[in-house]
Amino acid sequence: MSHSEKSEPLLPPELEQSIFELTARAYPGNAYTFALVSRRIQVWMEAILYETVTLSSQKVCKSFLHAIKRRPRSFFTANVKSLCIPGDIELDHALSILTVCQGVINLAYWINRNFASPKPWPESHFSVISALRPVRLSINTTGLFGSAMPPDLTHPFFSRVSHLEIVDWPWPVLSTQFELLPSLTHLALDLDSYDEFTLNKLRHIFEACVNLRVLLCLVVDEATMINAISAITSSDRNFDHRLVVLPDSDVIANWESSLHSSERCHWTFAEVIIAAKQSVHT
């Protein structure tokens, strides 16, 4: 048998592709190995490898920018579905990447605006991603919109958001009309204060957002979590069971785990806590 005959696929191409893609997703990391098997498998694996892009460092960011220059824009629009841009990524680099990755449905954008900087904030900042329709969104709103004022949640950009996390504070987040988000089921806020004013604002969110299943409040550490829970129960022992307070952790690892709803994910853990609360009261 010749070498060319040995390299011919023994299965129908569609079935072979499905097997490799399912295996690569079930065992993360294997896609790199599979990509070395043959050219046709490399094409399938590259689509998977670029599904989730986490710019975990400046080095990774520059490597991705280099990849963008070597491929047509359509490749990244079609394949990049989840994108994480941490706060230490340069703004110009972030905008260049967002301009190309126009098919993203899971977006984490944590770049903050430095109001003390003399460098002007680009007016077209939000326009770069305004055509996106993310489903899961984690944002620094001040950095994204260039203002400390609440964003316009009626913009079509927010129309499909089901999971929203807002990471910047202080910010008039509690005055935002989250009920304007038609698909919102999960909301996470970084809150360190749990006075009566704040708790009343949280009550209003529950009353206004009829489809909300989880309101997750993230705090800096376990000590703050204990104090927050104590303040909540002191105010109302029957506070809405959908409220969960958790300490924040490795934000990048948590964001990546949230894409697969793994047990490490804050959303999943919060849902388990809420289910336990419900079982106690039934």
# chains A, B, ... in the order shown; residues from 1 in each chain; ligands from 1
$ residues_around --residues "His241 in chain A" --least-positions-apart "5" --cutoff "8 Å" --atoms "only C-alpha atoms" --output "ChimeraX atom specification"
/A:274,277-278
$ select_by_dssp --residues "range 32-102 of chain A" --states "strand (DSSP E)" --output "CSV table (one decimal) with N, CA and C atoms, in the first residue's frame"
chain,number,residue,atom,x,y,z
A,52,THR,N,-12.4,30.3,21.7
A,52,THR,CA,-12.2,31.1,22.9
A,52,THR,C,-10.8,31.7,22.9
A,53,VAL,N,-10.8,33.0,23.0
A,53,VAL,CA,-9.5,33.7,23.1
A,53,VAL,C,-9.5,34.5,24.4
A,54,THR,N,-8.5,34.2,25.2
A,54,THR,CA,-8.2,34.9,26.4
A,54,THR,C,-6.9,35.6,26.3
A,82,SER,N,-15.9,33.5,22.0
A,82,SER,CA,-15.7,34.0,23.3
A,82,SER,C,-14.4,34.8,23.4
A,83,LEU,N,-14.4,36.0,24.0
A,83,LEU,CA,-13.2,36.8,24.0
A,83,LEU,C,-13.1,37.5,25.4
A,84,CYS,N,-11.9,37.4,26.0
A,84,CYS,CA,-11.7,38.0,27.3
A,84,CYS,C,-10.5,39.0,27.1
A,85,ILE,N,-10.8,40.3,27.5
A,85,ILE,CA,-9.8,41.3,27.4
A,85,ILE,C,-9.6,41.9,28.8
$ residues_around --residues "Trp267 in chain A" --least-positions-apart "6" --cutoff "8 Å" --atoms "only C-alpha atoms" --output "PyMOL selection string"
chain A and resi 186+214+216+258+261
$ atom_distance --atom1 "CA of Leu218 in chain A" --atom2 "CA of Glu165 in chain A"
9.7 Å
$ atom_distance --atom1 "CA of Ile68 in chain A" --atom2 "CA of Tyr109 in chain A"
19.1 Å
$ closest_residue --among "A:Ala253, A:Leu164, A:Val245, A:Leu10" --to "Ala188 in chain A" --atoms "only C-alpha atoms"
A:Leu164
$ residues_around --residues "Phe76 in chain A" --least-positions-apart "5" --cutoff "9 Å" --atoms "only C-alpha atoms" --output "list in words"
Ala47, Tyr50, Glu51, Ile68, Arg71, Lys81, Val100, Cys101, Gln102 and Gly103 of chain A
$ write_last_selection --atoms "C-alpha atoms" --output "mmCIF file, in the first residue's frame"
data_model
loop_
_atom_site.group_PDB
_atom_site.id
_atom_site.type_symbol
_atom_site.label_atom_id
_atom_site.label_comp_id
_atom_site.auth_asym_id
_atom_site.auth_seq_id
_atom_site.Cartn_x
_atom_site.Cartn_y
_atom_site.Cartn_z
ATOM 1 C CA ALA A 47 -11.590 26.640 14.235
ATOM 2 C CA TYR A 50 -9.859 30.096 18.151
ATOM 3 C CA GLU A 51 -13.372 29.678 19.587
ATOM 4 C CA ILE A 68 -4.817 38.450 12.760
ATOM 5 C CA ARG A 71 -5.445 35.412 8.179
ATOM 6 C CA LYS A 81 -17.087 33.242 19.883
ATOM 7 C CA VAL A 100 -11.932 41.838 13.727
ATOM 8 C CA CYS A 101 -13.823 39.583 16.170
ATOM 9 C CA GLN A 102 -17.341 40.602 15.191
ATOM 10 C CA GLY A 103 -18.944 37.208 15.874
#
$ select_by_dssp --residues "range 110-215 of chain A" --states "alpha helix (DSSP H)" --output "list in words"
Thr141, Thr142, Gly143, Leu144, Phe145, Glu196, Phe197, Thr198, Leu199, Asn200, Lys201, Leu202, Arg203, His204, Ile205, Phe206, Glu207 and Ala208 of chain A
$ write_last_selection --atoms "all heavy atoms" --output "short mmCIF file (atom, residue, chain, number, x, y, z; two decimals), in the first residue's frame"
data_model
loop_
_atom_site.label_atom_id
_atom_site.label_comp_id
_atom_site.auth_asym_id
_atom_site.auth_seq_id
_atom_site.Cartn_x
_atom_site.Cartn_y
_atom_site.Cartn_z
N THR A 141 -17.89 49.13 32.79
CA THR A 141 -18.73 50.06 32.02
C THR A 141 -18.05 51.41 31.81
O THR A 141 -18.21 52.03 30.76
CB THR A 141 -20.07 50.29 32.73
OG1 THR A 141 -19.83 50.75 34.06
CG2 THR A 141 -20.86 48.98 32.78
N THR A 142 -17.30 51.86 32.82
CA THR A 142 -16.60 53.14 32.66
C THR A 142 -15.58 53.06 31.54
O THR A 142 -15.42 54.00 30.75
CB THR A 142 -15.92 53.54 33.97
OG1 THR A 142 -16.89 53.54 35.03
CG2 THR A 142 -15.29 54.91 33.86
N GLY A 143 -14.89 51.94 31.45
CA GLY A 143 -13.91 51.76 30.40
C GLY A 143 -14.53 51.60 29.03
O GLY A 143 -14.02 52.13 28.03
N LEU A 144 -15.65 50.90 28.97
CA LEU A 144 -16.28 50.64 27.68
C LEU A 144 -16.98 51.88 27.13
O LEU A 144 -16.89 52.18 25.93
CB LEU A 144 -17.28 49.49 27.80
CG LEU A 144 -17.99 49.07 26.51
CD1 LEU A 144 -16.99 48.63 25.45
CD2 LEU A 144 -18.99 47.95 26.78
N PHE A 145 -17.67 52.62 27.99
CA PHE A 145 -18.46 53.75 27.53
C PHE A 145 -17.80 55.10 27.79
O PHE A 145 -18.30 56.13 27.35
CB PHE A 145 -19.84 53.72 28.18
CG PHE A 145 -20.64 52.50 27.83
CD1 PHE A 145 -20.68 51.43 28.71
CD2 PHE A 145 -21.29 52.39 26.62
CE1 PHE A 145 -21.40 50.28 28.39
CE2 PHE A 145 -22.00 51.25 26.29
CZ PHE A 145 -22.05 50.19 27.18
N GLU A 196 -28.64 49.90 54.29
CA GLU A 196 -30.06 49.77 53.96
C GLU A 196 -30.38 50.37 52.60
O GLU A 196 -31.26 49.87 51.88
CB GLU A 196 -30.91 50.43 55.05
CG GLU A 196 -32.37 49.98 55.06
CD GLU A 196 -32.51 48.47 55.29
OE1 GLU A 196 -31.67 47.88 56.00
OE2 GLU A 196 -33.46 47.88 54.73
N PHE A 197 -29.70 51.44 52.25
CA PHE A 197 -29.90 52.04 50.92
C PHE A 197 -29.58 51.02 49.82
O PHE A 197 -30.36 50.83 48.87
CB PHE A 197 -29.02 53.28 50.76
CG PHE A 197 -29.02 53.85 49.36
CD1 PHE A 197 -30.04 54.69 48.94
CD2 PHE A 197 -28.00 53.53 48.47
CE1 PHE A 197 -30.05 55.21 47.64
CE2 PHE A 197 -27.99 54.04 47.17
CZ PHE A 197 -29.01 54.89 46.76
N THR A 198 -28.44 50.35 49.95
CA THR A 198 -28.03 49.35 48.96
C THR A 198 -29.02 48.19 48.92
O THR A 198 -29.41 47.73 47.84
CB THR A 198 -26.62 48.82 49.28
OG1 THR A 198 -25.69 49.91 49.26
CG2 THR A 198 -26.19 47.78 48.26
N LEU A 199 -29.43 47.72 50.07
CA LEU A 199 -30.36 46.58 50.12
C LEU A 199 -31.70 46.93 49.49
O LEU A 199 -32.32 46.10 48.82
CB LEU A 199 -30.54 46.12 51.56
CG LEU A 199 -29.28 45.56 52.24
CD1 LEU A 199 -29.58 45.13 53.67
CD2 LEU A 199 -28.70 44.39 51.45
N ASN A 200 -32.15 48.16 49.68
CA ASN A 200 -33.41 48.57 49.05
C ASN A 200 -33.26 48.61 47.53
O ASN A 200 -34.20 48.28 46.80
CB ASN A 200 -33.83 49.94 49.57
CG ASN A 200 -34.46 49.88 50.95
OD1 ASN A 200 -35.00 48.83 51.34
ND2 ASN A 200 -34.36 50.96 51.71
N LYS A 201 -32.10 49.00 47.06
CA LYS A 201 -31.85 48.99 45.62
C LYS A 201 -31.86 47.55 45.09
O LYS A 201 -32.38 47.29 44.00
CB LYS A 201 -30.52 49.66 45.31
CG LYS A 201 -30.51 51.17 45.51
CD LYS A 201 -31.39 51.86 44.49
CE LYS A 201 -31.28 53.37 44.58
NZ LYS A 201 -32.10 54.07 43.55
N LEU A 202 -31.30 46.63 45.85
CA LEU A 202 -31.30 45.22 45.43
C LEU A 202 -32.73 44.68 45.41
O LEU A 202 -33.10 43.91 44.50
CB LEU A 202 -30.42 44.39 46.36
CG LEU A 202 -28.92 44.71 46.34
CD1 LEU A 202 -28.18 43.86 47.37
CD2 LEU A 202 -28.34 44.50 44.95
N ARG A 203 -33.52 45.08 46.37
CA ARG A 203 -34.93 44.66 46.39
C ARG A 203 -35.65 45.16 45.13
O ARG A 203 -36.45 44.43 44.53
CB ARG A 203 -35.63 45.19 47.64
CG ARG A 203 -35.18 44.55 48.95
CD ARG A 203 -36.03 45.07 50.12
NE ARG A 203 -35.62 44.47 51.39
CZ ARG A 203 -34.78 45.05 52.26
NH1 ARG A 203 -34.29 46.26 51.99
NH2 ARG A 203 -34.46 44.44 53.38
N HIS A 204 -35.33 46.39 44.76
CA HIS A 204 -35.97 46.95 43.56
C HIS A 204 -35.58 46.16 42.32
O HIS A 204 -36.43 45.94 41.43
CB HIS A 204 -35.57 48.41 43.38
CG HIS A 204 -36.02 48.99 42.07
ND1 HIS A 204 -37.34 49.31 41.81
CD2 HIS A 204 -35.33 49.26 40.92
CE1 HIS A 204 -37.45 49.76 40.57
NE2 HIS A 204 -36.25 49.74 40.01
N ILE A 205 -34.33 45.73 42.24
CA ILE A 205 -33.90 44.93 41.07
C ILE A 205 -34.73 43.66 40.98
O ILE A 205 -35.19 43.28 39.89
CB ILE A 205 -32.39 44.61 41.18
CG1 ILE A 205 -31.56 45.88 40.99
CG2 ILE A 205 -32.00 43.56 40.13
CD1 ILE A 205 -30.07 45.68 41.20
N PHE A 206 -34.94 42.99 42.11
CA PHE A 206 -35.75 41.76 42.08
C PHE A 206 -37.19 42.05 41.66
O PHE A 206 -37.80 41.28 40.91
CB PHE A 206 -35.75 41.11 43.47
CG PHE A 206 -34.49 40.36 43.79
CD1 PHE A 206 -33.71 40.71 44.88
CD2 PHE A 206 -34.08 39.30 42.99
CE1 PHE A 206 -32.55 40.02 45.17
CE2 PHE A 206 -32.91 38.60 43.28
CZ PHE A 206 -32.14 38.96 44.37
N GLU A 207 -37.74 43.15 42.13
CA GLU A 207 -39.12 43.49 41.79
C GLU A 207 -39.27 43.85 40.31
O GLU A 207 -40.27 43.50 39.68
CB GLU A 207 -39.59 44.67 42.65
CG GLU A 207 -39.72 44.34 44.13
CD GLU A 207 -39.95 45.59 44.97
OE1 GLU A 207 -39.99 46.70 44.38
OE2 GLU A 207 -40.09 45.47 46.20
N ALA A 208 -38.26 44.52 39.77
CA ALA A 208 -38.36 45.02 38.40
C ALA A 208 -37.99 43.96 37.36
O ALA A 208 -38.55 43.96 36.26
CB ALA A 208 -37.47 46.25 38.23
#
$ residues_around --residues "His260 in chain A" --least-positions-apart "4" --cutoff "12 Å" --atoms "only C-alpha atoms" --output "list in words"
Arg25, Ala26, Pro28, Thr52, Ser82, Asn106, Arg136, Ala253, Asn254, Trp255, Glu256, Arg264, Cys265, His266, Trp267 and Thr268 of chain A
$ write_last_selection --atoms "all heavy atoms" --output "compact mmCIF listing (two decimals), in the first residue's frame"
# COMPACT_ATOMS: atom_id res chain seq x y z
N ARG A 25 -13.28 18.85 22.03
CA ARG A 25 -14.03 19.64 23.01
C ARG A 25 -14.17 18.89 24.34
O ARG A 25 -14.21 19.51 25.41
CB ARG A 25 -15.41 19.99 22.46
CG ARG A 25 -15.35 21.02 21.33
CD ARG A 25 -16.73 21.55 20.98
NE ARG A 25 -16.64 22.68 20.08
CZ ARG A 25 -16.69 22.59 18.76
NH1 ARG A 25 -16.84 21.40 18.18
NH2 ARG A 25 -16.58 23.66 18.01
N ALA A 26 -14.24 17.57 24.28
CA ALA A 26 -14.37 16.78 25.50
C ALA A 26 -13.06 16.72 26.28
O ALA A 26 -13.07 16.62 27.52
CB ALA A 26 -14.83 15.35 25.16
N PRO A 28 -10.04 19.10 26.46
CA PRO A 28 -9.35 20.34 26.10
C PRO A 28 -7.83 20.16 26.08
O PRO A 28 -7.25 19.52 26.95
CB PRO A 28 -9.78 21.31 27.21
CG PRO A 28 -11.08 20.76 27.70
CD PRO A 28 -10.96 19.27 27.59
N THR A 52 -12.37 30.29 21.71
CA THR A 52 -12.21 31.06 22.94
C THR A 52 -10.83 31.69 22.95
O THR A 52 -9.82 30.98 22.87
CB THR A 52 -12.38 30.17 24.18
OG1 THR A 52 -13.70 29.61 24.18
CG2 THR A 52 -12.19 30.99 25.46
N SER A 82 -15.86 33.54 21.97
CA SER A 82 -15.67 34.00 23.34
C SER A 82 -14.35 34.76 23.43
O SER A 82 -13.31 34.23 23.02
CB SER A 82 -15.66 32.81 24.31
OG SER A 82 -16.87 32.07 24.21
N ASN A 106 -19.75 35.80 23.73
CA ASN A 106 -19.37 35.81 25.14
C ASN A 106 -18.20 36.78 25.28
O ASN A 106 -17.08 36.47 24.85
CB ASN A 106 -18.95 34.42 25.62
CG ASN A 106 -20.04 33.39 25.39
OD1 ASN A 106 -21.17 33.57 25.82
ND2 ASN A 106 -19.71 32.31 24.70
N ARG A 136 -23.46 36.46 26.93
CA ARG A 136 -22.80 36.59 28.23
C ARG A 136 -21.85 37.78 28.15
O ARG A 136 -21.02 37.84 27.26
CB ARG A 136 -22.07 35.31 28.61
CG ARG A 136 -23.02 34.14 28.90
CD ARG A 136 -22.25 32.86 29.16
NE ARG A 136 -23.15 31.75 29.42
CZ ARG A 136 -23.27 31.13 30.60
NH1 ARG A 136 -22.52 31.52 31.61
NH2 ARG A 136 -24.11 30.13 30.75
N ALA A 253 -9.99 32.64 35.26
CA ALA A 253 -10.36 31.23 35.37
C ALA A 253 -11.87 31.07 35.54
O ALA A 253 -12.49 30.18 34.95
CB ALA A 253 -9.63 30.56 36.53
N ASN A 254 -12.48 31.96 36.32
CA ASN A 254 -13.92 31.89 36.52
C ASN A 254 -14.67 32.21 35.24
O ASN A 254 -15.68 31.58 34.92
CB ASN A 254 -14.35 32.84 37.63
CG ASN A 254 -15.83 32.73 37.91
OD1 ASN A 254 -16.31 31.72 38.42
ND2 ASN A 254 -16.58 33.78 37.57
N TRP A 255 -14.18 33.21 34.49
CA TRP A 255 -14.83 33.55 33.23
C TRP A 255 -14.76 32.38 32.26
O TRP A 255 -15.77 32.03 31.63
CB TRP A 255 -14.18 34.78 32.60
CG TRP A 255 -14.76 35.13 31.27
CD1 TRP A 255 -15.93 35.82 31.03
CD2 TRP A 255 -14.23 34.80 29.98
NE1 TRP A 255 -16.16 35.93 29.68
CE2 TRP A 255 -15.13 35.31 29.01
CE3 TRP A 255 -13.10 34.11 29.56
CZ2 TRP A 255 -14.93 35.15 27.64
CZ3 TRP A 255 -12.89 33.95 28.19
CH2 TRP A 255 -13.79 34.47 27.25
N GLU A 256 -13.61 31.75 32.15
CA GLU A 256 -13.46 30.62 31.23
C GLU A 256 -14.35 29.45 31.66
O GLU A 256 -14.97 28.80 30.82
CB GLU A 256 -12.00 30.18 31.16
CG GLU A 256 -11.10 31.19 30.45
CD GLU A 256 -9.66 30.74 30.39
OE1 GLU A 256 -9.22 29.98 31.30
OE2 GLU A 256 -8.95 31.15 29.45
N ARG A 264 -16.80 25.01 38.84
CA ARG A 264 -15.97 26.10 39.33
C ARG A 264 -16.59 27.46 39.04
O ARG A 264 -16.14 28.49 39.57
CB ARG A 264 -14.58 26.04 38.68
CG ARG A 264 -13.77 24.83 39.02
CD ARG A 264 -12.45 24.85 38.26
NE ARG A 264 -11.72 26.08 38.52
CZ ARG A 264 -10.66 26.47 37.81
NH1 ARG A 264 -10.26 25.74 36.79
NH2 ARG A 264 -10.04 27.59 38.10
N CYS A 265 -17.60 27.49 38.23
CA CYS A 265 -18.19 28.74 37.78
C CYS A 265 -19.04 29.38 38.88
O CYS A 265 -19.81 28.70 39.57
CB CYS A 265 -19.05 28.45 36.54
SG CYS A 265 -20.13 29.79 36.04
N HIS A 266 -18.91 30.70 39.03
CA HIS A 266 -19.72 31.41 40.02
C HIS A 266 -21.21 31.23 39.78
O HIS A 266 -21.98 31.06 40.72
CB HIS A 266 -19.38 32.91 39.99
CG HIS A 266 -18.20 33.27 40.82
ND1 HIS A 266 -17.39 34.35 40.54
CD2 HIS A 266 -17.69 32.72 41.96
CE1 HIS A 266 -16.44 34.44 41.46
NE2 HIS A 266 -16.59 33.47 42.31
N TRP A 267 -21.61 31.28 38.52
CA TRP A 267 -23.03 31.15 38.21
C TRP A 267 -23.56 29.80 38.68
O TRP A 267 -24.63 29.72 39.30
CB TRP A 267 -23.28 31.30 36.71
CG TRP A 267 -22.94 32.62 36.11
CD1 TRP A 267 -22.12 32.84 35.03
CD2 TRP A 267 -23.43 33.92 36.49
NE1 TRP A 267 -22.06 34.18 34.74
CE2 TRP A 267 -22.85 34.87 35.61
CE3 TRP A 267 -24.29 34.36 37.49
CZ2 TRP A 267 -23.12 36.23 35.71
CZ3 TRP A 267 -24.55 35.73 37.59
CH2 TRP A 267 -23.97 36.63 36.70
N THR A 268 -22.83 28.73 38.37
CA THR A 268 -23.26 27.39 38.75
C THR A 268 -23.31 27.25 40.27
O THR A 268 -24.27 26.70 40.82
CB THR A 268 -22.31 26.34 38.16
OG1 THR A 268 -22.27 26.47 36.73
CG2 THR A 268 -22.76 24.93 38.51
$ residues_around --residues "Thr154 in chain A" --least-positions-apart "6" --cutoff "12 Å" --atoms "only C-alpha atoms" --output "MDAnalysis selection string"
chainID A and resid 160:161 176:183
$ atom_distance --atom1 "CA of Asp168 in chain A" --atom2 "CA of Leu189 in chain A"
8.5 Å
$ closest_residue --among "A:His163, A:Phe126, A:Cys61, A:Arg70" --to "Pro151 in chain A" --atoms "only C-alpha atoms"
A:Phe126
